[in-house]
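Read the structure below first, then the notes.
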Amino acid sequence: MSATVFRNIGELTTNGDLGVLHDAALVLDGQRVVWVGADVDAPAADSSFDVGGRAVLPGWVDSHTHLAFAGDRSTEFAARMAGETYTAGGIKVSVERTRAASGDELRSLMAERIRTANVNGTTWLETKTGYGLDVETEERSARLAAEFGQDVTFLGAHVVPDGWDADDYVALVTGPMLQAVRPYVAWMDVFCERGAFDEAQSRAVLQAGLDSGLGLRVHGNQLGPGPGVRLAVELGAASVDHCNFLDNEDIDRLAASSTVATLLPACDLSTRQPFPPARSLIDAGATVALASNCNPGTSYTTSMAFCVATAVLQMHLSVEEAVWSATMGGAVALRRHEGELPIGGLMPGFRADLQVLDAPSVTHLAYRPGMQLTQAVWQAGVRLA
Ligand SMILES: [Zn+2]
């Protein structure tokens with residue numbers, strides 16, 4: 001092991017009991033943070049890195065992406081910007097392109113997307129299948145995603161493919177398709193929405209996930225009010241994602257549960273949906289995560305800094321709340337915030353996932369939106385960028 005001390009940190013976001021420290025230092029040893037405190041008290045280490053008064057914060061935890069796809073949908077985007085309404089059906093275009101891509105093509109597309117995310121400060125990614133919708137392509141997507149490690153989610157229940165009866169397709173997803181992807185995935189997800197899967201079908205999908213030992217995630221309440229949040233809380237899902245259309249009962253349910261409300265601001269902009277009631281969720285005591293939802297239809301970005309800026313500028317979160325939600329919030333949504341090597345914070349024992357901003361404080365993430373502020377990134381103690 002070789003310890004590195006980061007000296008002269010202008011602002012250190014720990015996401016722990018120490019809160020935000022000024023004039024701070026941090027020591028990592030191997031893949032862990034082993035010490036944080038005042039710069040004047042910093043212990044000696046094998047090597048030293050002078051941060052020059054800049055801000056240091058945990059790497060982004062992007063708890064919702066769909067990176068296993070080929071092709072783009074810029075034509076659909078342009079039509080939407082010209083006034084067409086988003087529906088769940090556009091997913092089928094990506095399915096055609098993803099099925100047609102070779103394994104090597106898909107692997108290199110994913111690798112490049114992850115590299116871009118890493119350079120922009122993301123040190124942990126969840127990614128989903130869901131552009132295969134047949135056993136062969138879903139299995140391939142899950143297997144390739146697992147090569148990149150971290151969290152892989154089975155989203156065979158993304159939309160009902162053309163030519164299928166919905167209930168027959170649910171039987172395929174919960175049967176042979178689930179069996180094929182099972183070695184590669186930790187999570188089961190379903191798009192519980194008009195035009196995708198109704199409550200009974202979503203429940204069947206999620207129950208099959210539970211029965212095979214998977215954790216649960218839900219796409220819910222994106223395009224209108226619906227049963228997604230209620231179902232997610234009832235079945236103990238780790239997260240329900242989108243949450244644009246919530247009633248007071250949904251907010252109370254989330255606040256009283258351990259299900260995280262994962263909000264996807266870049267997607268809301270790209271679909272011109274009303275933003276979710278982020279302020280009400282936090283004020284009620286719900287746990288909120290922010291994620292990119294990187295996908296070719298409705299959110300073609302892995303920039304978590306953009307999501308943080310949007311959450312502040314449009315959804316009325318404070319910068320500190322938005323940064324917490326994009327780091328520790330994502331870790332909670334993936335149940336990675338505790339245990340053997342937790343992520344999402346910079347405290348002794350946590351994985352050394354951190355980024356240095358070319359700015360004195362995280363406020364600059366919203367104050368100077370769209371600027372490339374992430375200057376250097378360490379993932380599990382290894383410098384990435
Ligand atoms: Zn999604």
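Starting from 1 in every chain, residues are counted up; chains themselves are A, B, ... following the order of the structure tokens, and ligands are numbered from 1 as listed.
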
Quiz item: Residues at most 6 Å from Phe245 (chain A), counting only C-alpha atoms, excluding those fewer than 6 positions away in the same chain, as a ChimeraX atom specification?
Solution: /A:221,224-225

Practice problem: Would you kindly return, as a ChimeraX atom specification, each protein, DNA or RNA residue with an atom no farther than 10 Å from any atom of Ser2 (chain A), considering only C-alpha atoms and excluding same-chain residues fewer than 2 positions away? | Solution: /A:4,28-31,45-47,381

Protein and nucleic residues near ligand 1, 7 Å, only C-alpha atoms and all ligand atoms, as a PDB file with N, CA and C atoms, in the first residue's frame:
```pdb
ATOM      1  N   HIS A  64     -28.351   5.599 -12.469  1.00  0.00           N
ATOM      2  CA  HIS A  64     -29.372   5.273 -13.482  1.00  0.00           C
ATOM      3  C   HIS A  64     -28.840   5.649 -14.863  1.00  0.00           C
ATOM      4  N   THR A  65     -28.364   4.640 -15.607  1.00  0.00           N
ATOM      5  CA  THR A  65     -27.977   4.868 -16.997  1.00  0.00           C
ATOM      6  C   THR A  65     -28.414   3.672 -17.852  1.00  0.00           C
ATOM      7  N   HIS A  66     -28.474   3.928 -19.146  1.00  0.00           N
ATOM      8  CA  HIS A  66     -28.775   2.865 -20.124  1.00  0.00           C
ATOM      9  C   HIS A  66     -27.661   2.918 -21.175  1.00  0.00           C
ATOM     10  N   HIS A 219     -38.902   2.271 -12.914  1.00  0.00           N
ATOM     11  CA  HIS A 219     -39.155   3.515 -13.646  1.00  0.00           C
ATOM     12  C   HIS A 219     -40.634   3.828 -13.420  1.00  0.00           C
ATOM     13  N   ASN A 293     -29.505   9.235 -16.243  1.00  0.00           N
ATOM     14  CA  ASN A 293     -30.392   8.497 -17.148  1.00  0.00           C
ATOM     15  C   ASN A 293     -29.838   8.498 -18.571  1.00  0.00           C
TER      16      ASN A 293
END
```

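Our summary of the geometry notes that CA of Thr14 (chain A) is positioned 5.4 Å from CA of Gly345 (chain A).
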
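Minimum atom-to-atom distances from A:Arg203, A:Arg7, A:Lys128, A:His158 to Gly52 (chain A) were compared using only C-alpha atoms, and the lowest value belongs to A:Arg7.
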
Using only C-alpha atoms, tabulate the residues of region 173-218 of chain A lying at most 12 Å from any atom of region 131-151 of chain A, each with its closest atom pair and that distance in Å to one decimal, by chain and increasing residue number, as JSON lines.
```
{"residue": "A:Val173", "atom": "CA", "partner": "A:Val135", "partner_atom": "CA", "distance": 8.3}
{"residue": "A:Thr174", "atom": "CA", "partner": "A:Val135", "partner_atom": "CA", "distance": 11.0}
{"residue": "A:Gly175", "atom": "CA", "partner": "A:Val135", "partner_atom": "CA", "distance": 10.0}
{"residue": "A:Pro176", "atom": "CA", "partner": "A:Val135", "partner_atom": "CA", "distance": 7.1}
{"residue": "A:Met177", "atom": "CA", "partner": "A:Val135", "partner_atom": "CA", "distance": 4.9}
{"residue": "A:Leu178", "atom": "CA", "partner": "A:Val135", "partner_atom": "CA", "distance": 8.4}
{"residue": "A:Gln179", "atom": "CA", "partner": "A:Glu139", "partner_atom": "CA", "distance": 9.1}
{"residue": "A:Ala180", "atom": "CA", "partner": "A:Glu139", "partner_atom": "CA", "distance": 5.7}
{"residue": "A:Val181", "atom": "CA", "partner": "A:Glu139", "partner_atom": "CA", "distance": 4.9}
{"residue": "A:Arg182", "atom": "CA", "partner": "A:Glu139", "partner_atom": "CA", "distance": 8.6}
{"residue": "A:Pro183", "atom": "CA", "partner": "A:Arg143", "partner_atom": "CA", "distance": 8.3}
{"residue": "A:Tyr184", "atom": "CA", "partner": "A:Arg143", "partner_atom": "CA", "distance": 5.8}
{"residue": "A:Val185", "atom": "CA", "partner": "A:Ala142", "partner_atom": "CA", "distance": 6.7}
{"residue": "A:Ala186", "atom": "CA", "partner": "A:Asp151", "partner_atom": "CA", "distance": 6.7}
{"residue": "A:Trp187", "atom": "CA", "partner": "A:Asp151", "partner_atom": "CA", "distance": 7.9}
{"residue": "A:Met188", "atom": "CA", "partner": "A:Asp151", "partner_atom": "CA", "distance": 11.2}
{"residue": "A:Leu214", "atom": "CA", "partner": "A:Asp151", "partner_atom": "CA", "distance": 11.6}
{"residue": "A:Gly215", "atom": "CA", "partner": "A:Asp151", "partner_atom": "CA", "distance": 10.9}
{"residue": "A:Arg217", "atom": "CA", "partner": "A:Asp151", "partner_atom": "CA", "distance": 11.9}
```

Self-check item: Minimum-distance residue to Cys192 (chain A), chosen among A:Leu354, A:Ile114, A:Cys243, A:Ala266 (using only C-alpha atoms)
Solution: A:Cys243

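Within the 7 Å cut-off around region 103-113 of chain A, using only C-alpha atoms and omitting residues fewer than 6 positions from it on the same chain, the listed residues are Leu67, Ala68, Phe69, Ala70 and Leu144 of chain A.
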
With C-alpha atoms retained, write the just-selected residues as a CSV table (one decimal), in the first residue's frame.
```csv
chain,number,residue,atom,x,y,z
A,67,LEU,CA,-25.4,2.6,-21.8
A,68,ALA,CA,-25.9,-0.7,-23.7
A,69,PHE,CA,-27.2,0.8,-26.9
A,70,ALA,CA,-26.2,1.5,-30.5
A,144,LEU,CA,-21.0,-6.8,-21.7
```

Quiz prompt | Residue among A:Gln222, A:Arg351, A:Val356, A:Pro58 lying closest to Asn8 (chain A), counting only C-alpha atoms | solution = A:Val356

Exercise. Could you jot down the CA of Thr13 (chain A) to CA of Ala255 (chain A) separation for me, Å, one decimal place?
Key: 24.8 Å

Self-check item: Near-Glu321 (chain A) list (9 Å; only C-alpha atoms; drop same-chain fewer than 6 positions) as an MDAnalysis selection string
Solution: chainID A and resid 282 288 312

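A straight line drawn from CA of Thr374 (chain A) to CA of Thr298 (chain A) is 24.4 Å long.
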
Quiz item: Where in region 76-234 of chain A does DSSP assign strand (DSSP E), given as a ChimeraX atom specification?
Solution: /A:122-128,151-157,187-192,215-220

For Pro274 (chain A), list every protein, DNA or RNA residue within 9 Å, evaluated using only C-alpha atoms, and leave out those in the same chain fewer than 4 positions away; present the list as an mmCIF file with C-alpha atoms, in the first residue's frame.
```
data_model
loop_
_atom_site.group_PDB
_atom_site.id
_atom_site.type_symbol
_atom_site.label_atom_id
_atom_site.label_comp_id
_atom_site.auth_asym_id
_atom_site.auth_seq_id
_atom_site.Cartn_x
_atom_site.Cartn_y
_atom_site.Cartn_z
ATOM 1 C CA ASN A 244 -42.369 13.625 -12.154
ATOM 2 C CA PHE A 245 -46.019 13.100 -11.277
ATOM 3 C CA ASP A 268 -36.892 16.149 -17.865
ATOM 4 C CA LEU A 269 -35.319 18.887 -19.969
#
```

Practice problem: Extract the full set of alpha helix (DSSP H) residues from region 57-260 of chain A according to DSSP on the backbone, and format it as number ranges by chain. | Solution: A: 74-81, 91-100, 103-119, 135-147, 166-172, 178-181, 199-211, 228-234, 248-255

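The shell of residues at most 9 Å from Leu21 (chain A), with only C-alpha atoms counted and near chain neighbours (fewer than 3 positions) removed, consists of A:Ile9, A:Gly10, A:Glu11, A:Leu12, A:Thr13, A:Thr14, A:Leu18, A:Ala24, A:Ala25, A:Gly37, A:Ala38.
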
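Candidate residues A:Asp189, A:Asp247, A:Glu126, A:Asp252 were compared for distance to Phe154 (chain A), and the nearest is A:Asp189, using only C-alpha atoms.
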
Exercise. Fewer than 3 positions away in the same chain doesn't count, so skip those; otherwise give me all residues within 8 Å of Pro360 (chain A), counting only C-alpha atoms, as a ChimeraX atom specification.
Key: /A:10-11,53-55,357,364
